[in-house]
Every structure is written in structure tokens, then in C-alpha cells.
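Text of the file start20.csv, holding CSV, C-alpha atoms:
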```csv
chain,number,residue,atom,x,y,z
A,1,MET,CA,0.0,0.0,0.0
A,2,ALA,CA,1.4,3.4,-1.0
A,3,GLY,CA,2.9,5.4,1.8
A,4,GLU,CA,3.0,2.4,4.2
A,5,SER,CA,6.3,2.0,6.0
A,6,LEU,CA,8.4,-1.2,5.7
A,7,TYR,CA,9.7,-3.4,8.5
A,8,PHE,CA,12.4,-6.0,8.3
A,9,ASP,CA,14.0,-8.1,11.0
A,10,SER,CA,16.8,-10.7,11.3
A,11,ALA,CA,14.6,-13.5,10.0
A,12,ASP,CA,14.1,-11.5,6.8
A,13,PHE,CA,17.9,-10.9,6.5
A,14,GLU,CA,18.6,-14.6,6.8
A,15,GLY,CA,16.1,-15.5,4.1
A,16,TRP,CA,17.2,-13.0,1.5
A,17,GLU,CA,19.3,-13.9,-1.5
A,18,SER,CA,22.9,-13.0,-0.7
A,19,ARG,CA,23.3,-10.2,-3.3
A,20,TYR,CA,20.0,-8.5,-2.2
A,21,ARG,CA,21.1,-8.7,1.4
A,22,ALA,CA,24.5,-7.2,0.6
A,23,ASN,CA,23.0,-4.3,-1.3
A,24,PHE,CA,20.4,-3.6,1.5
A,25,ILE,CA,22.8,-3.8,4.4
A,26,ASN,CA,25.6,-1.9,2.6
A,27,SER,CA,23.2,1.0,1.7
A,28,LEU,CA,21.8,1.3,5.3
A,29,GLY,CA,24.7,3.6,6.4
A,30,GLY,CA,24.2,6.0,3.5
A,31,PHE,CA,26.8,7.7,1.4
A,32,LYS,CA,30.4,6.7,1.7
A,33,SER,CA,33.6,7.9,0.1
A,34,PHE,CA,35.0,6.1,-2.9
A,35,ASN,CA,38.8,5.6,-3.0
A,36,LEU,CA,41.4,3.5,-4.7
A,37,LEU,CA,44.1,2.1,-2.3
A,38,ILE,CA,47.4,1.7,-4.1
A,39,SER,CA,50.0,-0.7,-2.8
A,40,ARG,CA,53.0,-2.5,-4.1
A,41,ASN,CA,53.9,-6.2,-3.8
A,42,SER,CA,57.4,-7.6,-3.3
A,43,GLU,CA,57.8,-8.1,-7.1
A,44,GLY,CA,57.1,-4.4,-7.7
A,45,VAL,CA,53.6,-4.8,-9.1
A,46,LEU,CA,51.1,-2.1,-8.1
A,47,ASN,CA,47.8,-3.2,-6.8
A,48,ALA,CA,44.8,-0.8,-6.9
A,49,ALA,CA,41.6,-1.7,-5.0
A,50,PRO,CA,38.4,0.2,-4.4
A,51,PHE,CA,37.6,1.1,-0.8
A,52,PHE,CA,34.4,2.5,0.6
A,53,SER,CA,35.5,2.2,4.2
A,54,VAL,CA,38.0,5.0,4.7
A,55,GLN,CA,37.1,6.7,8.1
A,56,HIS,CA,38.5,9.6,10.1
A,57,ILE,CA,40.0,8.4,13.4
A,58,GLY,CA,41.7,11.5,14.7
A,59,SER,CA,43.3,14.7,13.7
A,60,ASN,CA,46.2,14.9,16.2
A,61,PRO,CA,47.9,12.7,15.3
A,62,PRO,CA,46.3,12.4,11.9
A,63,LEU,CA,44.8,8.9,11.7
A,64,LEU,CA,42.3,7.1,9.5
A,65,SER,CA,41.0,3.5,9.3
A,66,LEU,CA,40.1,1.0,6.6
A,67,ILE,CA,38.1,-2.2,6.8
A,68,PHE,CA,39.5,-5.3,5.1
A,69,ARG,CA,37.4,-8.3,4.4
A,70,PRO,CA,38.4,-11.6,6.1
A,71,HIS,CA,41.8,-12.9,5.0
A,72,THR,CA,40.4,-16.3,4.0
A,73,VAL,CA,41.5,-15.9,0.4
A,74,GLU,CA,44.2,-13.9,-1.3
A,75,ARG,CA,43.8,-10.2,-0.3
A,76,HIS,CA,46.5,-8.5,-2.3
A,77,SER,CA,45.9,-5.0,-0.9
A,78,LEU,CA,46.0,-6.3,2.7
A,79,GLU,CA,49.1,-8.4,2.2
A,80,ASN,CA,51.0,-5.6,0.4
A,81,PHE,CA,50.0,-2.9,2.9
A,82,ARG,CA,50.8,-5.1,5.8
A,83,THR,CA,54.2,-6.2,4.4
A,84,SER,CA,55.5,-2.8,3.2
A,85,GLY,CA,53.7,-0.7,5.8
A,86,LEU,CA,52.9,2.0,3.2
A,87,ALA,CA,50.1,2.7,0.7
A,88,THR,CA,48.3,5.7,-0.9
A,89,ILE,CA,44.6,6.4,-0.7
A,90,ASN,CA,43.3,8.2,-3.8
A,91,ALA,CA,39.9,9.9,-4.1
A,92,VAL,CA,37.8,8.8,-7.1
A,93,SER,CA,36.3,11.6,-9.2
A,94,ALA,CA,33.4,11.3,-11.7
A,95,GLU,CA,35.8,11.2,-14.7
A,96,ILE,CA,37.3,7.9,-13.7
A,97,VAL,CA,34.4,6.1,-11.8
A,98,ASP,CA,34.1,3.4,-14.5
A,99,GLN,CA,37.7,2.4,-14.4
A,100,ALA,CA,37.8,2.6,-10.6
A,101,HIS,CA,34.8,0.3,-10.3
A,102,GLN,CA,36.4,-2.2,-12.7
A,103,ALA,CA,39.5,-2.3,-10.5
A,104,ALA,CA,37.4,-4.4,-8.1
A,105,ALA,CA,37.6,-7.4,-10.5
A,106,LYS,CA,39.7,-10.3,-9.3
A,107,TYR,CA,42.9,-9.8,-11.3
A,108,PRO,CA,45.8,-12.2,-10.7
A,109,ARG,CA,48.6,-11.0,-8.4
A,110,HIS,CA,51.0,-10.4,-11.3
A,111,ILE,CA,48.5,-8.0,-13.1
A,112,SER,CA,48.3,-4.4,-12.0
A,113,GLU,CA,44.7,-3.2,-11.8
A,114,LEU,CA,45.9,0.3,-12.9
A,115,GLU,CA,47.2,-1.0,-16.2
A,116,ALA,CA,44.3,-3.4,-16.7
A,117,VAL,CA,41.6,-0.7,-16.3
A,118,GLY,CA,43.5,2.1,-18.1
A,119,LEU,CA,44.6,4.3,-15.1
A,120,SER,CA,48.1,5.6,-14.4
A,121,ALA,CA,50.4,5.9,-11.4
A,122,ILE,CA,52.5,8.9,-10.7
A,123,GLN,CA,55.6,8.7,-8.5
A,124,ARG,CA,56.1,11.5,-6.0
A,125,ASP,CA,58.4,11.7,-3.0
A,126,PHE,CA,56.4,9.0,-1.2
A,127,THR,CA,57.5,5.4,-1.6
A,128,ILE,CA,54.2,4.2,-3.1
A,129,PRO,CA,52.9,6.0,-6.2
A,130,TYR,CA,49.7,7.9,-6.3
A,131,LEU,CA,46.8,7.7,-8.8
A,132,LYS,CA,47.7,10.3,-11.5
A,133,GLU,CA,44.0,10.9,-12.4
A,134,SER,CA,43.0,11.5,-8.7
A,135,HIS,CA,42.6,15.1,-7.4
A,136,LEU,CA,43.3,14.1,-3.8
A,137,GLY,CA,45.9,11.6,-2.7
A,138,ILE,CA,46.9,10.6,0.9
A,139,GLY,CA,50.1,8.8,1.7
A,140,VAL,CA,49.5,6.5,4.7
A,141,GLN,CA,51.6,4.3,7.0
A,142,TRP,CA,50.3,1.1,8.7
A,143,VAL,CA,49.9,1.6,12.5
A,144,SER,CA,47.9,-1.4,13.7
A,145,GLU,CA,45.2,-3.9,13.0
A,146,GLN,CA,42.3,-5.2,15.0
A,147,ARG,CA,40.2,-8.2,14.2
A,148,ILE,CA,36.5,-7.7,14.4
A,149,HIS,CA,35.5,-11.0,15.9
A,150,ALA,CA,31.8,-10.7,14.9
A,151,ASN,CA,32.7,-11.4,11.2
A,152,ASN,CA,36.5,-11.7,11.1
A,153,THR,CA,37.0,-8.5,9.1
A,154,LEU,CA,40.1,-6.4,9.9
A,155,LEU,CA,40.1,-2.8,11.0
A,156,VAL,CA,43.4,-1.3,10.0
A,157,VAL,CA,44.5,2.1,11.5
A,158,ALA,CA,46.9,4.1,9.4
A,159,SER,CA,48.7,7.4,10.0
A,160,ILE,CA,48.5,10.2,7.4
A,161,LYS,CA,52.0,11.1,6.3
A,162,GLU,CA,51.3,13.5,3.4
A,163,VAL,CA,48.5,14.8,1.2
A,164,HIS,CA,48.5,15.9,-2.4
A,165,LEU,CA,45.7,18.2,-3.6
A,166,SER,CA,45.7,19.0,-7.3
A,167,LYS,CA,43.1,21.8,-7.1
A,168,PRO,CA,44.2,24.4,-4.5
A,169,GLU,CA,40.8,26.2,-4.9
A,170,ALA,CA,39.2,23.3,-3.1
A,171,LEU,CA,41.0,24.2,0.1
A,172,ILE,CA,39.2,27.0,1.9
A,173,GLU,CA,40.4,29.4,4.5
A,174,ASP,CA,39.4,27.4,7.6
A,175,GLY,CA,41.0,24.1,6.4
A,176,LEU,CA,37.9,22.4,4.9
A,177,ILE,CA,38.4,20.6,1.6
A,178,GLU,CA,35.4,21.2,-0.6
A,179,GLN,CA,35.1,17.7,-2.1
A,180,HIS,CA,32.5,18.8,-4.7
A,181,ARG,CA,35.2,21.1,-6.3
A,182,LEU,CA,37.2,17.9,-6.9
A,183,ASN,CA,34.2,16.1,-8.5
A,184,THR,CA,34.7,13.5,-5.8
A,185,VAL,CA,32.2,10.6,-6.1
A,186,SER,CA,30.2,9.1,-3.2
A,187,VAL,CA,28.9,5.5,-3.2
A,188,ASN,CA,25.7,4.0,-1.8
A,189,GLY,CA,25.6,0.3,-1.4
A,190,LEU,CA,28.2,-1.5,-3.5
A,191,ASP,CA,27.8,-0.1,-7.0
A,192,THR,CA,25.7,3.0,-7.1
A,193,TYR,CA,27.6,6.3,-7.4
A,194,TYR,CA,26.5,9.9,-6.7
A,195,MET,CA,27.8,13.4,-7.1
A,196,PRO,CA,27.5,15.3,-3.7
A,197,GLN,CA,26.6,19.0,-3.6
A,198,PRO,CA,27.0,21.4,-0.7
A,199,LEU,CA,23.9,22.2,1.3
A,200,LYS,CA,25.0,24.5,4.1
A,201,ARG,CA,27.6,25.0,6.9
A,202,LEU,CA,26.5,25.4,10.5
A,203,ALA,CA,28.3,27.1,13.3
A,204,TYR,CA,29.6,25.2,16.4
A,205,PRO,CA,26.5,24.2,18.4
A,206,GLU,CA,25.9,25.8,21.8
A,207,PRO,CA,23.3,24.5,24.4
A,208,ASP,CA,19.9,26.2,24.2
A,209,LEU,CA,20.8,28.2,21.1
A,210,LYS,CA,19.3,27.6,17.6
A,211,PRO,CA,21.8,26.4,15.0
A,212,LYS,CA,23.3,29.3,13.0
A,213,GLU,CA,24.4,29.1,9.4
A,214,LYS,CA,28.1,29.6,9.0
A,215,ALA,CA,29.4,31.8,6.3
A,216,TRP,CA,31.4,30.1,3.5
A,217,PRO,CA,34.8,31.7,3.0
A,218,LYS,CA,34.3,31.1,-0.7
A,219,LYS,CA,30.9,31.2,-2.3
A,220,ASN,CA,29.8,28.6,-4.7
```
Step by step, read the file and then write its structure as C-alpha cells.
Amino acid sequence: MAGESLYFDSADFEGWESRYRANFINSLGGFKSFNLLISRNSEGVLNAAPFFSVQHIGSNPPLLSLIFRPHTVERHSLENFRTSGLATINAVSAEIVDQAHQAAAKYPRHISELEAVGLSAIQRDFTIPYLKESHLGIGVQWVSEQRIHANNTLLVVASIKEVHLSKPEALIEDGLIEQHRLNTVSVNGLDTYYMPQPLKRLAYPEPDLKPKEKAWPKKN
């Protein structure tokens, strides 16, 4: 019936087809960032893997986290990052979303996803190259890992060692990176991509006061 709310519980989840369940559960949390993690194996081959799980952990020291699926099969990104201790996280923009999505395919260890999907690496001062086509690259160093016992995934904490921003106009006066100026893509679920747009900025909240809109140092 139109307008009627929906209700689901654990019995429904268990009865669903696996792909339907994965899409539903993955989209519950809403929009996530879309990044390519670049790592290098001991033979020098670059691996590039899509990640939707990059999360802020802290600003001082600068830390972020990534979720890796259980290491029950070959996980090239996990193995490379764990061994070398270094990787780069590269924001995916609308111009390269198709190639970045294709990088999730199960290529053999000796095949670089970058070459396979038509993307390029660029070597900067950091040991691991960055994605040339990305407007925002983060050089990270492995800090620690914790097993999430509920499903055997791994939460990896990494320290932010450096940042490369190809469009200086995206960095405004108070330190905010305006991701929409980079054409950065968001993802919902596992395969549905969106272009985020700014809505408003709000001032720091104070008890018993109504939220106040915060002026943008740069107008859109």
C-alpha cells in the first residue's frame, strides 16, 4: 500500500538472496567515500583496490582507518600494505568512476589493476605511487590492525604522512576541503555512485541556542 512503512528483522535478513542482502545492508549507512588504495607487492607490481570504508579516526595525530574483508582468500591489498607498511589512498572523481569500479575485479597477483583498467600511477616523494588521475591523494603508513570477531574482518589504523591536492581552490580558509570542487564521487551500497553537492555549513552548536548558518569563506 502506497505510503506504508516497511519493516524487516533478522529473519528477513537470513532469508534473502545474498546479493540482495549485501545491497540492502551496505546501503543502510548511506553515502560513503570512494577511494582507490594503491599498494606494491614484493615483485614491484602495483595493486589498486576500491575502498568504501575510509574513516576519520583522529586529527592529532592524523589517523584514519580502513576495513579489510576476512583474510580467507588472497587479499592483495591487505598483504601488500601489511608487508610494506605503506600505501596511498586516492579519491575517485566522476571522470574515472568506471575504471575505478572495474578495479574491483579479481585480477591475478601479477597483473596491475591500474594497467588493466587504463589508469596511471605517478611517483612523488612518497615510496608508493599515487593515482595520476585523482585530485586528492593521501600517503599513509600502517599503524595497527584489530580483528572484528563478529565477522573476522580487519580494522586497520593508518597514519596520514602526506597529502597531495591537485586543485588548490578546493581548500578554503578554515581548512575544509570542498570535495565537490574535486568532482569526488560518493557511493551508496556496492555499485551506485552519486555526485554530492553542498547544502549549508552550520556554526559550532551551543546549548539552548538555535543552529546558526556559517558563512562560507568562498561562495559557490
Practice problem: Excluding Asn90 in chain A and any residue of its chain fewer than 2 positions from it, enumerate the residues within 7 Å of it, using only C-alpha atoms, and give them as number ranges by chain. | Solution: A: 35-37, 88, 92, 130-131, 134, 136-138
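Across the model, the gap from CA of Arg181 in chain A to CA of Tyr204 in chain A is 23.7 Å.
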Quiz item: Excluding same-chain residues fewer than 4 positions from range 156-172 of chain A, what lies within 10 Å of it counting all atoms listed in the file, as a PyMOL selection string?
Solution: chain A and resi 54-59+61-68+78+81-82+85-90+124-126+130+132-147+176-182+216-218
Quiz item: To one decimal place, how far is CA of Ala104 in chain A from CA of Asp12 in chain A in Å?
Solution: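 The value is 28.6 Å.
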Quiz prompt | range 24-29 of chain A environment, 7 Å, only C-alpha atoms, sequence neighbours closer than 2 positions dropped, as a list in words | solution =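 Residues meeting the cut-off are Tyr20, Arg21, Ala22, Phe31, Asn188, Gly189 and Leu190 of chain A.
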Exercise. Could you tell me how far CA of Glu173 in chain A lies from CA of Arg201 in chain A, in Å and to one decimal?
Key: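 These two atoms are separated by 13.7 Å.
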Quiz prompt | Sphere at (28.9, 13.6, -6.3), radius 8 Å, counting all atoms listed in the file: residues as a VMD selection string | solution = chain A and resid 94 180 183 to 186 193 to 197
What would the file look like if the residues just selected were written as a PDB file, in the frame of the given file with C-alpha atoms?
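File part.pdb, as written:
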```
ATOM      1  CA  ALA A  94      33.400  11.300 -11.700  1.00  0.00           C
ATOM      2  CA  HIS A 180      32.500  18.800  -4.700  1.00  0.00           C
ATOM      3  CA  ASN A 183      34.200  16.100  -8.500  1.00  0.00           C
ATOM      4  CA  THR A 184      34.700  13.500  -5.800  1.00  0.00           C
ATOM      5  CA  VAL A 185      32.200  10.600  -6.100  1.00  0.00           C
ATOM      6  CA  SER A 186      30.200   9.100  -3.200  1.00  0.00           C
ATOM      7  CA  TYR A 193      27.600   6.300  -7.400  1.00  0.00           C
ATOM      8  CA  TYR A 194      26.500   9.900  -6.700  1.00  0.00           C
ATOM      9  CA  MET A 195      27.800  13.400  -7.100  1.00  0.00           C
ATOM     10  CA  PRO A 196      27.500  15.300  -3.700  1.00  0.00           C
ATOM     11  CA  GLN A 197      26.600  19.000  -3.600  1.00  0.00           C
TER      12      GLN A 197
END
```
Quiz prompt | Residue neighbourhood range 108-110 of chain A, 10 Å, all atoms listed in the file, exclusion window fewer than 5 positions, as a list in words | solution =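 Result of the neighbour search: Asn41, Glu43, Gly44, Val45, Leu46, Asn47, Glu74, Arg75, His76 and Ser77 of chain A.
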Quiz prompt | Neighbour list for Phe52 in chain A as a ChimeraX atom specification, cut-off 7 Å, only C-alpha atoms, skip fewer than 6 positions in-chain | solution = /A:32-35
Practice problem: Point out the residue among A:Ala121, A:Val187, A:Ala11, A:Ala48 with the least atom-to-atom distance to Val97 in chain A, counting all atoms listed in the file. | Solution: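 Smallest distance to Val97 in chain A is found for A:Val187.
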Quiz item: Using all atoms listed in the file, which of A:Ala49, A:Asp208, A:Ile96, A:Arg40 sits nearest Asn80 in chain A?
Solution: A:Arg40
